[in-house]
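*Asks:* One structure coming up, written as structure tokens, with questions to follow.
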Amino acid sequence: MSKFNDIIQGSTPVLIDFSAEWCQPCKMMPPILKDVKKQLGERIRILKVDVDRNPAIAQKYQIRNVPTLMVFKNGQVVWRQAGVIPAQQLLQMLQPHI
């Protein structure tokens, strides 16, 4: 948990993909996130957090559905949405935070 807190403290936005191995829609996110990372490069950090392996983090942020995407900046949640989001829509949403 402390490592997670260190990661989200920076001024670079951090996009967290809360997911689970058993979740079928979650399997659609990696190529989408790869595309987003390719377009934004060093302007964003992207992490995947398995809710079953990290229950304390999932509980702290009240993750009820997977996938849930959250963007942190300077330790604060600046955006959150559950469900699969197409790369273009995700890029548009991220623009104000970069």
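Ordering of the structure tokens sets the chain letters (A, B, ...); residue numbers start at 1 within each chain; ligands are numbered from 1 in the order shown.
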Neighbours of range 81-94 of chain A within 12 Å (only C-alpha atoms; same-chain residues fewer than 3 positions away dropped), as a PyMOL selection string?
*Replies:* chain A and resi 12-19+23-41+43-46+62-73+77-78+97-98
*Asks:* Quick check for you: according to DSSP on this backbone, which residues of chain A are classed as alpha helix (DSSP H)? Reply as a PyMOL selection string.
*Replies:* chain A and resi 2-8+29-40+55-60+87-94
*Asks:* With C-alpha atoms retained, could you export that selection as a PDB file, in the first residue's frame?
*Replies:*
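The result, written out as result-v4.pdb:
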```pdb
ATOM      1  CA  SER A   2       2.834   2.454   0.790  1.00  0.00           C
ATOM      2  CA  LYS A   3       4.414   1.771  -2.604  1.00  0.00           C
ATOM      3  CA  PHE A   4       1.038   2.489  -4.239  1.00  0.00           C
ATOM      4  CA  ASN A   5       0.786   5.759  -2.285  1.00  0.00           C
ATOM      5  CA  ASP A   6       4.285   6.760  -3.420  1.00  0.00           C
ATOM      6  CA  ILE A   7       3.355   6.129  -7.054  1.00  0.00           C
ATOM      7  CA  ILE A   8       0.179   8.257  -6.996  1.00  0.00           C
ATOM      8  CA  MET A  29      -8.235  -3.055 -21.525  1.00  0.00           C
ATOM      9  CA  PRO A  30      -4.523  -3.955 -22.113  1.00  0.00           C
ATOM     10  CA  PRO A  31      -4.494  -3.151 -25.860  1.00  0.00           C
ATOM     11  CA  ILE A  32      -6.466   0.052 -25.200  1.00  0.00           C
ATOM     12  CA  LEU A  33      -4.039   1.128 -22.471  1.00  0.00           C
ATOM     13  CA  LYS A  34      -1.062   0.234 -24.669  1.00  0.00           C
ATOM     14  CA  ASP A  35      -2.464   2.512 -27.383  1.00  0.00           C
ATOM     15  CA  VAL A  36      -2.994   5.349 -24.871  1.00  0.00           C
ATOM     16  CA  LYS A  37       0.554   4.928 -23.507  1.00  0.00           C
ATOM     17  CA  LYS A  38       1.955   4.945 -27.047  1.00  0.00           C
ATOM     18  CA  GLN A  39       0.227   8.257 -27.768  1.00  0.00           C
ATOM     19  CA  LEU A  40       0.963   9.961 -24.434  1.00  0.00           C
ATOM     20  CA  PRO A  55      -7.826  -6.049  -1.486  1.00  0.00           C
ATOM     21  CA  ALA A  56      -6.736  -3.203   0.819  1.00  0.00           C
ATOM     22  CA  ILE A  57      -6.289  -0.807  -2.121  1.00  0.00           C
ATOM     23  CA  ALA A  58      -9.550  -1.962  -3.737  1.00  0.00           C
ATOM     24  CA  GLN A  59     -11.387  -1.423  -0.442  1.00  0.00           C
ATOM     25  CA  LYS A  60      -9.815   1.985   0.194  1.00  0.00           C
ATOM     26  CA  ALA A  87      -8.829   4.513 -26.518  1.00  0.00           C
ATOM     27  CA  GLN A  88     -10.026   7.715 -28.237  1.00  0.00           C
ATOM     28  CA  GLN A  89     -12.556   8.459 -25.502  1.00  0.00           C
ATOM     29  CA  LEU A  90      -9.931   7.750 -22.840  1.00  0.00           C
ATOM     30  CA  LEU A  91      -7.442  10.076 -24.537  1.00  0.00           C
ATOM     31  CA  GLN A  92     -10.028  12.893 -24.647  1.00  0.00           C
ATOM     32  CA  MET A  93     -10.794  12.395 -20.970  1.00  0.00           C
ATOM     33  CA  LEU A  94      -7.104  12.472 -20.044  1.00  0.00           C
TER      34      LEU A  94
END
```
*Asks:* From the list A:Arg80, A:Ser11, A:Lys48, A:Pro96, which residue is nearest Tyr61 in chain A when using only C-alpha atoms?
*Replies:*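 Comparing A:Arg80, A:Ser11, A:Lys48, A:Pro96 against Tyr61 in chain A, the winner is A:Arg80.
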*Asks:* From a backbone DSSP assignment, name each residue in chain A labelled strand (DSSP E or B), as a VMD selection string.
*Replies:* chain A and resid 14 to 19 45 to 50 68 to 73 76 to 82
*Asks:* Between A:Gln95, A:Gln76, A:Ala20, A:Gln9, single out the one closest to Asn54 in chain A, counting only C-alpha atoms.
*Replies:* A:Ala20
